[in-house]
>>> print(open('data.pdb').read())   # PDB, C-alpha atoms and all ligand atoms
ATOM      1  CA  MET A  42       3.059  -4.081  15.974  1.00  0.00           C
ATOM      2  CA  ASN A  43       2.564  -0.514  14.742  1.00  0.00           C
ATOM      3  CA  ILE A  44       1.150   0.306  11.333  1.00  0.00           C
ATOM      4  CA  ALA A  45       1.677   3.392   9.198  1.00  0.00           C
ATOM      5  CA  ILE A  46      -0.611   3.753   6.198  1.00  0.00           C
ATOM      6  CA  LEU A  47       0.747   6.094   3.535  1.00  0.00           C
ATOM      7  CA  ILE A  48      -1.772   7.718   1.199  1.00  0.00           C
ATOM      8  CA  SER A  49      -1.988  10.508  -1.364  1.00  0.00           C
ATOM      9  CA  GLY A  50      -5.688  10.575  -2.198  1.00  0.00           C
ATOM     10  CA  ARG A  51      -9.059   8.967  -1.734  1.00  0.00           C
ATOM     11  CA  GLY A  52      -7.938   6.341   0.756  1.00  0.00           C
ATOM     12  CA  SER A  53     -10.370   3.514   0.072  1.00  0.00           C
ATOM     13  CA  ASN A  54      -7.716   0.848   0.691  1.00  0.00           C
ATOM     14  CA  MET A  55      -6.724   2.715   3.848  1.00  0.00           C
ATOM     15  CA  LYS A  56     -10.345   2.623   4.937  1.00  0.00           C
ATOM     16  CA  SER A  57     -10.667  -1.125   4.521  1.00  0.00           C
ATOM     17  CA  ILE A  58      -7.407  -1.631   6.449  1.00  0.00           C
ATOM     18  CA  LEU A  59      -8.603   0.620   9.278  1.00  0.00           C
ATOM     19  CA  GLN A  60     -11.923  -1.241   9.395  1.00  0.00           C
ATOM     20  CA  ALA A  61     -10.093  -4.551   9.705  1.00  0.00           C
ATOM     21  CA  ILE A  62      -7.800  -3.216  12.433  1.00  0.00           C
ATOM     22  CA  GLN A  63     -10.637  -1.718  14.446  1.00  0.00           C
ATOM     23  CA  GLY A  64     -12.636  -4.917  13.953  1.00  0.00           C
ATOM     24  CA  GLY A  65      -9.754  -6.858  15.535  1.00  0.00           C
ATOM     25  CA  GLU A  66      -9.049  -8.832  12.346  1.00  0.00           C
ATOM     26  CA  ILE A  67      -5.331  -8.028  12.246  1.00  0.00           C
ATOM     27  CA  GLU A  68      -3.395  -9.475  15.161  1.00  0.00           C
ATOM     28  CA  GLY A  69      -1.340  -7.512  17.620  1.00  0.00           C
ATOM     29  CA  VAL A  70      -1.764  -3.981  16.289  1.00  0.00           C
ATOM     30  CA  LYS A  71      -0.752  -1.384  18.871  1.00  0.00           C
ATOM     31  CA  ASP A  72      -0.711   1.968  17.112  1.00  0.00           C
ATOM     32  CA  VAL A  73      -1.836   3.158  13.702  1.00  0.00           C
ATOM     33  CA  ILE A  74      -1.070   6.394  11.920  1.00  0.00           C
ATOM     34  CA  VAL A  75      -2.005   7.660   8.486  1.00  0.00           C
ATOM     35  CA  VAL A  76       0.517   9.771   6.606  1.00  0.00           C
ATOM     36  CA  SER A  77      -0.091  11.783   3.461  1.00  0.00           C
ATOM     37  CA  ASN A  78       2.198  13.731   1.177  1.00  0.00           C
ATOM     38  CA  ARG A  79      -0.795  15.863   0.155  1.00  0.00           C
ATOM     39  CA  SER A  80      -2.686  18.044   2.609  1.00  0.00           C
ATOM     40  CA  THR A  81      -5.856  17.759   0.521  1.00  0.00           C
ATOM     41  CA  ALA A  82      -5.987  13.945   0.414  1.00  0.00           C
ATOM     42  CA  PRO A  83      -9.640  13.046   1.187  1.00  0.00           C
ATOM     43  CA  GLY A  84      -8.452   9.962   3.083  1.00  0.00           C
ATOM     44  CA  LEU A  85      -7.014  12.153   5.857  1.00  0.00           C
ATOM     45  CA  GLU A  86     -10.432  13.267   7.004  1.00  0.00           C
ATOM     46  CA  ILE A  87     -11.822   9.733   6.801  1.00  0.00           C
ATOM     47  CA  ALA A  88      -8.989   8.515   9.043  1.00  0.00           C
ATOM     48  CA  ARG A  89      -9.551  11.255  11.611  1.00  0.00           C
ATOM     49  CA  LYS A  90     -13.324  11.525  11.630  1.00  0.00           C
ATOM     50  CA  GLU A  91     -14.488   7.982  10.936  1.00  0.00           C
ATOM     51  CA  PHE A  92     -11.724   6.133  12.753  1.00  0.00           C
ATOM     52  CA  GLY A  93     -10.206   8.612  15.190  1.00  0.00           C
ATOM     53  CA  VAL A  94      -6.762   7.766  13.819  1.00  0.00           C
ATOM     54  CA  LYS A  95      -3.838  10.172  14.056  1.00  0.00           C
ATOM     55  CA  THR A  96      -2.843  11.709  10.741  1.00  0.00           C
ATOM     56  CA  LEU A  97       0.342  13.392   9.628  1.00  0.00           C
ATOM     57  CA  ILE A  98       0.969  15.485   6.575  1.00  0.00           C
ATOM     58  CA  VAL A  99       4.528  15.264   5.317  1.00  0.00           C
ATOM     59  CA  LEU A 100       4.825  17.641   2.410  1.00  0.00           C
ATOM     60  CA  PRO A 101       7.644  17.578  -0.112  1.00  0.00           C
ATOM     61  CA  GLU A 102       9.855  20.668  -0.173  1.00  0.00           C
ATOM     62  CA  GLU A 103      10.757  22.577  -3.322  1.00  0.00           C
ATOM     63  CA  ASN A 104      13.266  20.138  -4.807  1.00  0.00           C
ATOM     64  CA  GLY A 105      11.913  17.049  -3.006  1.00  0.00           C
ATOM     65  CA  GLN A 106      15.413  15.604  -2.475  1.00  0.00           C
ATOM     66  CA  MET A 107      15.133  15.266   1.297  1.00  0.00           C
ATOM     67  CA  TYR A 108      11.614  13.896   1.337  1.00  0.00           C
ATOM     68  CA  ASP A 109      12.369  10.340   2.375  1.00  0.00           C
ATOM     69  CA  LYS A 110      14.599  11.518   5.263  1.00  0.00           C
ATOM     70  CA  LYS A 111      11.843  13.819   6.459  1.00  0.00           C
ATOM     71  CA  LEU A 112       9.307  11.010   6.164  1.00  0.00           C
ATOM     72  CA  MET A 113      11.528   8.610   8.103  1.00  0.00           C
ATOM     73  CA  THR A 114      12.071  11.150  10.870  1.00  0.00           C
ATOM     74  CA  GLU A 115       8.315  11.648  11.220  1.00  0.00           C
ATOM     75  CA  LEU A 116       7.663   7.919  11.202  1.00  0.00           C
ATOM     76  CA  GLN A 117      10.313   7.264  13.833  1.00  0.00           C
ATOM     77  CA  ARG A 118       8.921  10.054  15.990  1.00  0.00           C
ATOM     78  CA  ASN A 119       5.713   8.003  15.912  1.00  0.00           C
ATOM     79  CA  GLU A 120       7.417   4.725  16.840  1.00  0.00           C
ATOM     80  CA  ILE A 121       7.424   3.308  13.319  1.00  0.00           C
ATOM     81  CA  PHE A 122      10.674   1.328  13.153  1.00  0.00           C
ATOM     82  CA  GLU A 123      11.792  -1.670  11.129  1.00  0.00           C
ATOM     83  CA  HIS A 124      11.629  -4.061  14.085  1.00  0.00           C
ATOM     84  CA  ASN A 125       8.107  -3.253  15.267  1.00  0.00           C
ATOM     85  CA  SER A 126       6.116  -1.985  12.312  1.00  0.00           C
ATOM     86  CA  LEU A 127       4.590  -2.379   8.894  1.00  0.00           C
ATOM     87  CA  ILE A 128       4.291   0.456   6.402  1.00  0.00           C
ATOM     88  CA  CYS A 129       1.304   0.044   4.076  1.00  0.00           C
ATOM     89  CA  LEU A 130       1.362   2.023   0.855  1.00  0.00           C
ATOM     90  CA  ALA A 131      -2.213   2.678  -0.182  1.00  0.00           C
ATOM     91  CA  GLY A 132      -2.276   4.909  -3.217  1.00  0.00           C
ATOM     92  CA  PHE A 133       0.885   6.730  -2.090  1.00  0.00           C
ATOM     93  CA  MET A 134       2.026   8.530  -5.222  1.00  0.00           C
ATOM     94  CA  ARG A 135       5.740   8.806  -4.540  1.00  0.00           C
ATOM     95  CA  ILE A 136       8.609   6.495  -5.302  1.00  0.00           C
ATOM     96  CA  LEU A 137      10.541   5.774  -2.134  1.00  0.00           C
ATOM     97  CA  LYS A 138      14.316   5.945  -2.296  1.00  0.00           C
ATOM     98  CA  PRO A 139      16.457   2.804  -1.831  1.00  0.00           C
ATOM     99  CA  GLU A 140      17.792   4.079   1.533  1.00  0.00           C
ATOM    100  CA  PHE A 141      14.252   4.280   2.887  1.00  0.00           C
ATOM    101  CA  ILE A 142      13.325   0.853   1.530  1.00  0.00           C
ATOM    102  CA  LYS A 143      16.482  -0.687   2.989  1.00  0.00           C
ATOM    103  CA  ALA A 144      15.784   0.906   6.381  1.00  0.00           C
ATOM    104  CA  TYR A 145      12.403  -0.873   6.435  1.00  0.00           C
ATOM    105  CA  LYS A 146      13.493  -4.048   4.657  1.00  0.00           C
ATOM    106  CA  ASN A 147      10.530  -6.344   3.903  1.00  0.00           C
ATOM    107  CA  LYS A 148       8.297  -4.184   6.088  1.00  0.00           C
ATOM    108  CA  ILE A 149       6.773  -2.056   3.327  1.00  0.00           C
ATOM    109  CA  VAL A 150       3.675  -3.450   1.614  1.00  0.00           C
ATOM    110  CA  ASN A 151       2.000  -2.119  -1.530  1.00  0.00           C
ATOM    111  CA  ILE A 152      -1.174  -2.760  -3.488  1.00  0.00           C
ATOM    112  CA  HIS A 153      -1.082  -2.541  -7.278  1.00  0.00           C
ATOM    113  CA  PRO A 154      -4.103  -2.727  -9.620  1.00  0.00           C
ATOM    114  CA  SER A 155      -2.781  -5.409 -11.985  1.00  0.00           C
ATOM    115  CA  LEU A 156      -1.470  -8.944 -11.915  1.00  0.00           C
ATOM    116  CA  LEU A 157       2.210  -8.130 -11.541  1.00  0.00           C
ATOM    117  CA  PRO A 158       4.626  -8.383 -13.276  1.00  0.00           C
ATOM    118  CA  SER A 159       2.178  -7.213 -15.960  1.00  0.00           C
ATOM    119  CA  PHE A 160       1.337  -3.514 -16.168  1.00  0.00           C
ATOM    120  CA  LYS A 161       3.769  -2.006 -13.682  1.00  0.00           C
ATOM    121  CA  GLY A 162       3.758   1.699 -12.963  1.00  0.00           C
ATOM    122  CA  LEU A 163       0.996   4.214 -13.495  1.00  0.00           C
ATOM    123  CA  HIS A 164      -2.440   3.635 -15.045  1.00  0.00           C
ATOM    124  CA  ALA A 165      -2.310  -0.158 -14.776  1.00  0.00           C
ATOM    125  CA  GLN A 166      -6.008  -0.518 -15.589  1.00  0.00           C
ATOM    126  CA  LYS A 167      -5.626   1.561 -18.765  1.00  0.00           C
ATOM    127  CA  GLN A 168      -2.569  -0.494 -19.708  1.00  0.00           C
ATOM    128  CA  ALA A 169      -4.662  -3.664 -19.326  1.00  0.00           C
ATOM    129  CA  LEU A 170      -7.413  -2.306 -21.577  1.00  0.00           C
ATOM    130  CA  LEU A 171      -4.912  -1.172 -24.204  1.00  0.00           C
ATOM    131  CA  ALA A 172      -3.215  -4.571 -24.170  1.00  0.00           C
ATOM    132  CA  GLY A 173      -6.581  -6.268 -24.697  1.00  0.00           C
ATOM    133  CA  VAL A 174      -6.140  -8.815 -21.921  1.00  0.00           C
ATOM    134  CA  LYS A 175      -9.238 -10.726 -20.857  1.00  0.00           C
ATOM    135  CA  ILE A 176      -8.123 -11.126 -17.261  1.00  0.00           C
ATOM    136  CA  THR A 177      -6.345  -8.653 -15.040  1.00  0.00           C
ATOM    137  CA  GLY A 178      -6.468  -8.183 -11.287  1.00  0.00           C
ATOM    138  CA  CYS A 179      -4.539  -6.867  -8.338  1.00  0.00           C
ATOM    139  CA  THR A 180      -1.421  -7.710  -6.374  1.00  0.00           C
ATOM    140  CA  VAL A 181      -0.252  -7.151  -2.814  1.00  0.00           C
ATOM    141  CA  HIS A 182       3.514  -7.265  -2.619  1.00  0.00           C
ATOM    142  CA  LEU A 183       6.486  -6.299  -0.501  1.00  0.00           C
ATOM    143  CA  VAL A 184       8.302  -3.244  -1.750  1.00  0.00           C
ATOM    144  CA  ASP A 185      11.870  -3.583  -2.939  1.00  0.00           C
ATOM    145  CA  VAL A 186      14.057  -1.038  -4.723  1.00  0.00           C
ATOM    146  CA  GLY A 187      12.452  -1.673  -8.132  1.00  0.00           C
ATOM    147  CA  ILE A 188       9.122  -0.275  -9.299  1.00  0.00           C
ATOM    148  CA  ASP A 189       6.377  -2.802  -8.465  1.00  0.00           C
ATOM    149  CA  THR A 190       8.876  -5.676  -8.408  1.00  0.00           C
ATOM    150  CA  GLY A 191       9.010  -6.945  -4.805  1.00  0.00           C
ATOM    151  CA  PRO A 192       7.967 -10.414  -3.589  1.00  0.00           C
ATOM    152  CA  ILE A 193       4.282 -11.099  -4.228  1.00  0.00           C
ATOM    153  CA  LEU A 194       2.113 -11.822  -1.192  1.00  0.00           C
ATOM    154  CA  LEU A 195      -1.322 -12.292  -2.773  1.00  0.00           C
ATOM    155  CA  GLN A 196      -3.042 -11.778  -6.105  1.00  0.00           C
ATOM    156  CA  GLU A 197      -6.635 -11.849  -7.294  1.00  0.00           C
ATOM    157  CA  CYS A 198      -7.924 -12.083 -10.871  1.00  0.00           C
ATOM    158  CA  VAL A 199     -10.608  -9.826 -12.296  1.00  0.00           C
ATOM    159  CA  PRO A 200     -12.232 -10.373 -15.722  1.00  0.00           C
ATOM    160  CA  VAL A 201     -12.114  -7.637 -18.326  1.00  0.00           C
ATOM    161  CA  HIS A 202     -15.485  -7.184 -20.005  1.00  0.00           C
ATOM    162  CA  ASP A 203     -15.879  -6.155 -23.646  1.00  0.00           C
ATOM    163  CA  ASN A 204     -17.697  -2.960 -22.705  1.00  0.00           C
ATOM    164  CA  ASP A 205     -15.336  -1.982 -19.880  1.00  0.00           C
ATOM    165  CA  THR A 206     -14.084   1.556 -19.499  1.00  0.00           C
ATOM    166  CA  ILE A 207     -11.111   2.492 -17.327  1.00  0.00           C
ATOM    167  CA  GLU A 208     -13.620   3.493 -14.641  1.00  0.00           C
ATOM    168  CA  SER A 209     -15.689   0.311 -14.695  1.00  0.00           C
ATOM    169  CA  LEU A 210     -12.630  -1.928 -14.743  1.00  0.00           C
ATOM    170  CA  SER A 211     -10.930   0.076 -11.972  1.00  0.00           C
ATOM    171  CA  ALA A 212     -14.042  -0.191  -9.814  1.00  0.00           C
ATOM    172  CA  ARG A 213     -14.208  -3.980 -10.259  1.00  0.00           C
ATOM    173  CA  ILE A 214     -10.510  -4.330  -9.412  1.00  0.00           C
ATOM    174  CA  LEU A 215     -10.825  -2.034  -6.384  1.00  0.00           C
ATOM    175  CA  ILE A 216     -13.365  -4.351  -4.734  1.00  0.00           C
ATOM    176  CA  GLU A 217     -10.777  -7.132  -4.851  1.00  0.00           C
ATOM    177  CA  GLU A 218      -7.952  -4.818  -3.747  1.00  0.00           C
ATOM    178  CA  HIS A 219      -9.767  -4.134  -0.508  1.00  0.00           C
ATOM    179  CA  LYS A 220     -10.148  -7.847   0.181  1.00  0.00           C
ATOM    180  CA  ILE A 221      -6.633  -9.022  -0.607  1.00  0.00           C
ATOM    181  CA  TYR A 222      -4.880  -6.120   1.121  1.00  0.00           C
ATOM    182  CA  VAL A 223      -6.621  -6.947   4.392  1.00  0.00           C
ATOM    183  CA  LYS A 224      -6.058 -10.684   3.891  1.00  0.00           C
ATOM    184  CA  ALA A 225      -2.333 -10.134   3.263  1.00  0.00           C
ATOM    185  CA  LEU A 226      -1.994  -8.005   6.387  1.00  0.00           C
ATOM    186  CA  LYS A 227      -3.785 -10.642   8.444  1.00  0.00           C
ATOM    187  CA  LEU A 228      -1.368 -13.301   7.212  1.00  0.00           C
ATOM    188  CA  LEU A 229       1.672 -11.062   7.688  1.00  0.00           C
ATOM    189  CA  SER A 230       0.697 -10.119  11.225  1.00  0.00           C
ATOM    190  CA  ALA A 231       0.215 -13.800  12.053  1.00  0.00           C
ATOM    191  CA  ASN A 232       3.686 -14.590  10.592  1.00  0.00           C
ATOM    192  CA  LYS A 233       2.180 -16.872   7.973  1.00  0.00           C
ATOM    193  CA  PHE A 234       4.540 -15.931   5.156  1.00  0.00           C
ATOM    194  CA  LEU A 235       8.037 -17.195   4.497  1.00  0.00           C
ATOM    195  CA  LEU A 236      10.350 -15.640   1.914  1.00  0.00           C
ATOM    196  CA  LYS A 237      12.098 -18.268  -0.237  1.00  0.00           C
ATOM    197  CA  GLY A 238      14.300 -16.449  -2.731  1.00  0.00           C
ATOM    198  CA  ASN A 239      11.897 -14.058  -4.424  1.00  0.00           C
ATOM    199  CA  ARG A 240       8.882 -16.238  -3.611  1.00  0.00           C
ATOM    200  CA  MET A 241       6.623 -15.625  -0.682  1.00  0.00           C
ATOM    201  CA  VAL A 242       5.120 -18.895   0.443  1.00  0.00           C
ATOM    202  CA  GLN A 243       2.410 -19.401   3.031  1.00  0.00           C
ATOM    203  CA  ILE A 244       3.214 -21.552   6.046  1.00  0.00           C
TER     204      ILE A 244
HETATM  205  C1  LIG B   1      -5.559   1.819  -5.915  1.00  0.00           C
HETATM  206  O1  LIG B   1      -6.060   1.425  -7.153  1.00  0.00           O
HETATM  207  C2  LIG B   1      -4.222   1.181  -5.657  1.00  0.00           C
HETATM  208  O2  LIG B   1      -4.108  -0.105  -6.208  1.00  0.00           O
HETATM  209  C3  LIG B   1      -3.267   2.113  -6.351  1.00  0.00           C
HETATM  210  O3  LIG B   1      -3.801   3.403  -6.109  1.00  0.00           O
HETATM  211  C4  LIG B   1      -5.196   3.305  -5.884  1.00  0.00           C
HETATM  212  C5  LIG B   1      -5.468   3.932  -4.567  1.00  0.00           C
HETATM  213  O4  LIG B   1      -6.849   3.996  -4.277  1.00  0.00           O
HETATM  214  N1  LIG B   1      -1.919   1.928  -5.864  1.00  0.00           N
HETATM  215  P1  LIG B   1      -7.330   4.364  -2.827  1.00  0.00           P
HETATM  216  O5  LIG B   1      -6.709   5.708  -2.456  1.00  0.00           O
HETATM  217  O6  LIG B   1      -6.899   3.284  -1.896  1.00  0.00           O
HETATM  218  O7  LIG B   1      -8.828   4.468  -2.933  1.00  0.00           O
END
>>> encode(input="data.pdb", output="C-alpha cells")
Amino acid sequence: MNIAILISGRGSNMKSILQAIQGGEIEGVKDVIVVSNRSTAPGLEIARKEFGVKTLIVLPEENGQMYDKKLMTELQRNEIFEHNSLICLAGFMRILKPEFIKAYKNKIVNIHPSLLPSFKGLHAQKQALLAGVKITGCTVHLVDVGIDTGPILLQECVPVHDNDTIESLSARILIEEHKIYVKALKLLSANKFLLKGNRMVQI
C-alpha cells in the first residue's frame, strides 16, 4: 500500500503518522509521500529532514478551478491510485471536489477536531467553546462529498475545562488526534473495518 499525506501547515498529525509508518506499526506500507498546497508549510521540512520522505508542492493556480486535476495527476505520477493507496488529509485546508473523492472512493481519510457530526467545518474547537459543551473530542473519518460527513472510523472524547481557551482546548484535543489517526490507519491497513451503510464497524 502507498500513502499520500496531504498537509497545509504545521504537520503534527503527519508527523505522528510518519513515526508510526517508520516504526513498522502500519502494515504493508510501500511508499509514502507528503503533498502540500502551500510551499511554506512547516510540515514539508519535517517530512524531508526528520523522515527522509519525498515531498511535493502542488500550488493552486490563479482561479483554482483545475486544482484537483493537477493534484490527481501528481499523485498518480507517484503511484497513488485508488486500488493501492490511502490518502490521509492532515490539516489540508482545501475542499476536494466530488470527482476527486469519487476517483479515490473510501480511500481518503480525514481527522477533524470535534466529535462529528457536531462542529463541522472550520474552527471546531472555538465552536465547541461557544456552544458551551462539556465534552468534545476528535474524529477520524472517511471523506465523502459532504463537508466532514463521511463514515466515522474512530472517535475520542476530550473534556472541556471551565478555564479553557481555544489554544488549551486545541492542544488537549491534538494529543488525542495523534493517537486515533494512527490507530485508524493501523486498523484500515489490516482490513479491520467493514462499511455497513454509513456505519464503519470493526471486524
Ligand atoms: C488538526 O487539528 C486537524 O484536526 C485539523 O487541522 C489541524 C492540523 O494540525 N484538520 P496539524 O497540521 O496536523 O498539526
>>> residues_near_ligand(input="data.pdb", ligand="ligand LIG 1 (chain B)", cutoff="10 Å", atoms="all atoms listed in the file", output="ChimeraX atom specification")
/A:47-58,82-84,130-134,151-155,162-166,178-181,189,211-212,214-219,222
>>> atom_distance(input="data.pdb", atom1="atom CA of A:Asn104", atom2="atom CA of A:Tyr145")
23.8 Å
>>> closest_residue(input="data.pdb", among="A:Ile121, A:Leu170, A:Leu226, A:Ile74", to="A:Val150", atoms="all atoms listed in the file")
A:Leu226
>>> atom_distance(input="data.pdb", atom1="atom CA of A:Gly187", atom2="atom CA of A:Lys111")
21.3 Å
>>> closest_residue(input="data.pdb", among="A:Ile149, A:Val184, A:Leu112, A:Leu171", to="A:Ile207", atoms="all atoms listed in the file")
A:Leu171
>>> build_atoms(input="data.pdb", residues="stretch 164-178 of chain A", atoms="N, CA, C and O atoms", output="PDB file, in the coordinates of the input")
ATOM      1  N   HIS A 164      -1.305   3.932 -14.165  1.00  0.00           N
ATOM      2  CA  HIS A 164      -2.440   3.635 -15.045  1.00  0.00           C
ATOM      3  C   HIS A 164      -2.480   2.156 -15.469  1.00  0.00           C
ATOM      4  O   HIS A 164      -2.631   1.826 -16.640  1.00  0.00           O
ATOM      5  N   ALA A 165      -2.362   1.282 -14.488  1.00  0.00           N
ATOM      6  CA  ALA A 165      -2.310  -0.158 -14.776  1.00  0.00           C
ATOM      7  C   ALA A 165      -3.607  -0.644 -15.422  1.00  0.00           C
ATOM      8  O   ALA A 165      -3.577  -1.531 -16.294  1.00  0.00           O
ATOM      9  N   GLN A 166      -4.729  -0.064 -15.021  1.00  0.00           N
ATOM     10  CA  GLN A 166      -6.008  -0.518 -15.589  1.00  0.00           C
ATOM     11  C   GLN A 166      -6.106  -0.110 -17.061  1.00  0.00           C
ATOM     12  O   GLN A 166      -6.578  -0.883 -17.892  1.00  0.00           O
ATOM     13  N   LYS A 167      -5.630   1.108 -17.367  1.00  0.00           N
ATOM     14  CA  LYS A 167      -5.626   1.561 -18.765  1.00  0.00           C
ATOM     15  C   LYS A 167      -4.668   0.700 -19.600  1.00  0.00           C
ATOM     16  O   LYS A 167      -4.992   0.300 -20.728  1.00  0.00           O
ATOM     17  N   GLN A 168      -3.523   0.370 -19.011  1.00  0.00           N
ATOM     18  CA  GLN A 168      -2.569  -0.494 -19.708  1.00  0.00           C
ATOM     19  C   GLN A 168      -3.218  -1.836 -20.049  1.00  0.00           C
ATOM     20  O   GLN A 168      -3.019  -2.380 -21.139  1.00  0.00           O
ATOM     21  N   ALA A 169      -4.011  -2.363 -19.103  1.00  0.00           N
ATOM     22  CA  ALA A 169      -4.662  -3.664 -19.326  1.00  0.00           C
ATOM     23  C   ALA A 169      -5.662  -3.560 -20.475  1.00  0.00           C
ATOM     24  O   ALA A 169      -5.716  -4.440 -21.346  1.00  0.00           O
ATOM     25  N   LEU A 170      -6.435  -2.481 -20.492  1.00  0.00           N
ATOM     26  CA  LEU A 170      -7.413  -2.306 -21.577  1.00  0.00           C
ATOM     27  C   LEU A 170      -6.712  -2.164 -22.923  1.00  0.00           C
ATOM     28  O   LEU A 170      -7.117  -2.767 -23.918  1.00  0.00           O
ATOM     29  N   LEU A 171      -5.641  -1.378 -22.940  1.00  0.00           N
ATOM     30  CA  LEU A 171      -4.912  -1.172 -24.204  1.00  0.00           C
ATOM     31  C   LEU A 171      -4.277  -2.464 -24.705  1.00  0.00           C
ATOM     32  O   LEU A 171      -4.195  -2.704 -25.909  1.00  0.00           O
ATOM     33  N   ALA A 172      -3.849  -3.303 -23.776  1.00  0.00           N
ATOM     34  CA  ALA A 172      -3.215  -4.571 -24.170  1.00  0.00           C
ATOM     35  C   ALA A 172      -4.247  -5.603 -24.612  1.00  0.00           C
ATOM     36  O   ALA A 172      -3.913  -6.615 -25.217  1.00  0.00           O
ATOM     37  N   GLY A 173      -5.524  -5.351 -24.275  1.00  0.00           N
ATOM     38  CA  GLY A 173      -6.581  -6.268 -24.697  1.00  0.00           C
ATOM     39  C   GLY A 173      -6.638  -7.562 -23.918  1.00  0.00           C
ATOM     40  O   GLY A 173      -7.202  -8.553 -24.397  1.00  0.00           O
ATOM     41  N   VAL A 174      -6.083  -7.567 -22.706  1.00  0.00           N
ATOM     42  CA  VAL A 174      -6.140  -8.815 -21.921  1.00  0.00           C
ATOM     43  C   VAL A 174      -7.578  -9.086 -21.483  1.00  0.00           C
ATOM     44  O   VAL A 174      -8.396  -8.169 -21.376  1.00  0.00           O
ATOM     45  N   LYS A 175      -7.888 -10.337 -21.282  1.00  0.00           N
ATOM     46  CA  LYS A 175      -9.238 -10.726 -20.857  1.00  0.00           C
ATOM     47  C   LYS A 175      -9.321 -10.877 -19.341  1.00  0.00           C
ATOM     48  O   LYS A 175     -10.400 -10.923 -18.773  1.00  0.00           O
ATOM     49  N   ILE A 176      -8.169 -11.015 -18.724  1.00  0.00           N
ATOM     50  CA  ILE A 176      -8.123 -11.126 -17.261  1.00  0.00           C
ATOM     51  C   ILE A 176      -7.021 -10.211 -16.745  1.00  0.00           C
ATOM     52  O   ILE A 176      -5.907 -10.209 -17.274  1.00  0.00           O
ATOM     53  N   THR A 177      -7.376  -9.417 -15.745  1.00  0.00           N
ATOM     54  CA  THR A 177      -6.345  -8.653 -15.040  1.00  0.00           C
ATOM     55  C   THR A 177      -6.586  -8.887 -13.558  1.00  0.00           C
ATOM     56  O   THR A 177      -7.068  -9.951 -13.186  1.00  0.00           O
ATOM     57  N   GLY A 178      -6.249  -7.926 -12.702  1.00  0.00           N
ATOM     58  CA  GLY A 178      -6.468  -8.183 -11.287  1.00  0.00           C
ATOM     59  C   GLY A 178      -5.706  -7.226 -10.411  1.00  0.00           C
ATOM     60  O   GLY A 178      -5.487  -6.069 -10.783  1.00  0.00           O
TER      61      GLY A 178
END
